[in-house]
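Peer 1: Just passing along the structure, written as structure tokens.
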Amino acid sequence: MITGKQRSYLKKLGQELDPIVYIGKSDLTENVLKEMDNLLESRELIKVKLQEGSTLDPKECANEAAEFLKAEFVQAIGRKFVLYRQASEKEKRKIVLPR
């Protein structure tokens, strides 16, 4: 669980990101979740965009994905949301959270 201070820090980092995962009319599929898992392991912080064809609610989709991926929901704005998960290997960790 991340603190409010850490969430604010991650929100700031997330504003600078471009979406790297797009969810379309097929909604949240197994392949999309696998791709998000790989990206979280390599990048730790990802931004996801729900395209116009998707019928999902961004916050519900983000919470469902975060629960499945054991990640932290950072924020949802419009049709975009940001997820964070610390890399499992110390050598791969790129983001140092404030205490």
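Naming works like this for the structure tokens: A, B, ... for the chains as they're shown, residue 1 at the start of each chain, ligands 1 onward in shown order.
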Env of stretch 60-73 of chain A: 8 Å cut, atoms = only C-alpha atoms, seq-sep filter 6 positions within chain, self excluded. Answer as a PyMOL selection string.

Peer 2: chain A and resi 1-2+28+33+37+81-85

Peer 1: Would you mind listing what lies within 12 Å of stretch 49-55 of chain A as a PyMOL selection string, with only C-alpha atoms counted and same-chain residues fewer than 5 positions away left out?

Peer 2: chain A and resi 17-29+32+36+60-62+76-83

Peer 1: Would you put the residues from that selection into a file with C-alpha atoms, as a tab-separated table (two decimals), in the first residue's frame?

Peer 2:
chain	number	residue	atom	x	y	z
A	17	LEU	CA	3.79	9.70	-19.52
A	18	ASP	CA	2.07	8.92	-22.79
A	19	PRO	CA	-0.37	6.00	-22.78
A	20	ILE	CA	1.40	2.77	-23.75
A	21	VAL	CA	-1.56	0.39	-23.39
A	22	TYR	CA	-4.82	0.94	-25.26
A	23	ILE	CA	-8.00	-0.93	-24.37
A	24	GLY	CA	-10.53	-1.10	-27.18
A	25	LYS	CA	-13.91	-2.71	-27.79
A	26	SER	CA	-12.63	-6.14	-26.66
A	27	ASP	CA	-12.25	-4.61	-23.20
A	28	LEU	CA	-9.84	-6.05	-20.60
A	29	THR	CA	-8.63	-9.30	-22.18
A	32	VAL	CA	-3.96	-6.96	-22.48
A	36	MET	CA	0.38	-4.68	-18.75
A	60	GLU	CA	-13.55	0.22	-12.39
A	61	CYS	CA	-11.23	-1.05	-15.12
A	62	ALA	CA	-8.19	0.38	-13.31
A	76	ALA	CA	-7.81	8.05	-13.33
A	77	ILE	CA	-8.49	11.15	-15.39
A	78	GLY	CA	-11.02	11.02	-18.20
A	79	ARG	CA	-10.48	7.81	-20.13
A	80	LYS	CA	-6.90	7.33	-18.89
A	81	PHE	CA	-5.52	5.76	-15.74
A	82	VAL	CA	-2.11	5.15	-14.18
A	83	LEU	CA	-0.89	2.00	-12.40

Peer 1: Could you please write out, as a PyMOL selection string, every residue of stretch 7-79 of chain A that DSSP assigns to helix (DSSP H, G or I)?

Peer 2: chain A and resi 7-15+30-43+58-69

Peer 1: May I ask for the distance between atom CA of A:Glu16 and atom CA of A:Val48, given in Å to one decimal place?

Peer 2: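 Going from atom CA of A:Glu16 over to atom CA of A:Val48, I get 13.0 Å.
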
Peer 1: Do you know which residues are at most 8 Å from A:Gln86 counting only C-alpha atoms, after dropping those on the same chain fewer than 2 positions away, and could you put them as a list of chain:residue names?

Peer 2: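 My reading of the contact set: A:Leu40, A:Glu41, A:Glu44, A:Tyr84, A:Ser88, A:Arg93, A:Ile95.
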
Peer 1: If you run DSSP on the backbone, which residues of chain A are strand (DSSP E), as a PyMOL selection string?

Peer 2: chain A and resi 21-23+45-50+72-77+80-84

Peer 1: Could you check the closest approach to A:Gln15 for each of A:Arg99, A:Lys94, A:Lys47, A:Lys59 and tell me which residue wins, using only C-alpha atoms?

Peer 2: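 Among the listed residues, the smallest separation from A:Gln15 belongs to A:Lys47.
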
Peer 1: To one decimal place in Å, what is the distance between atom CA of A:Leu56 and atom CA of A:Ala87?

Peer 2: 27.6 Å

Peer 1: Compare A:Leu97, A:Leu45, A:Glu91, A:Glu30 by their minimum atom-to-atom distance to A:Lys5, counting only C-alpha atoms, and give me the closest one.

Peer 2: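 Of the candidates, the smallest distance to A:Lys5 is held by A:Leu97.
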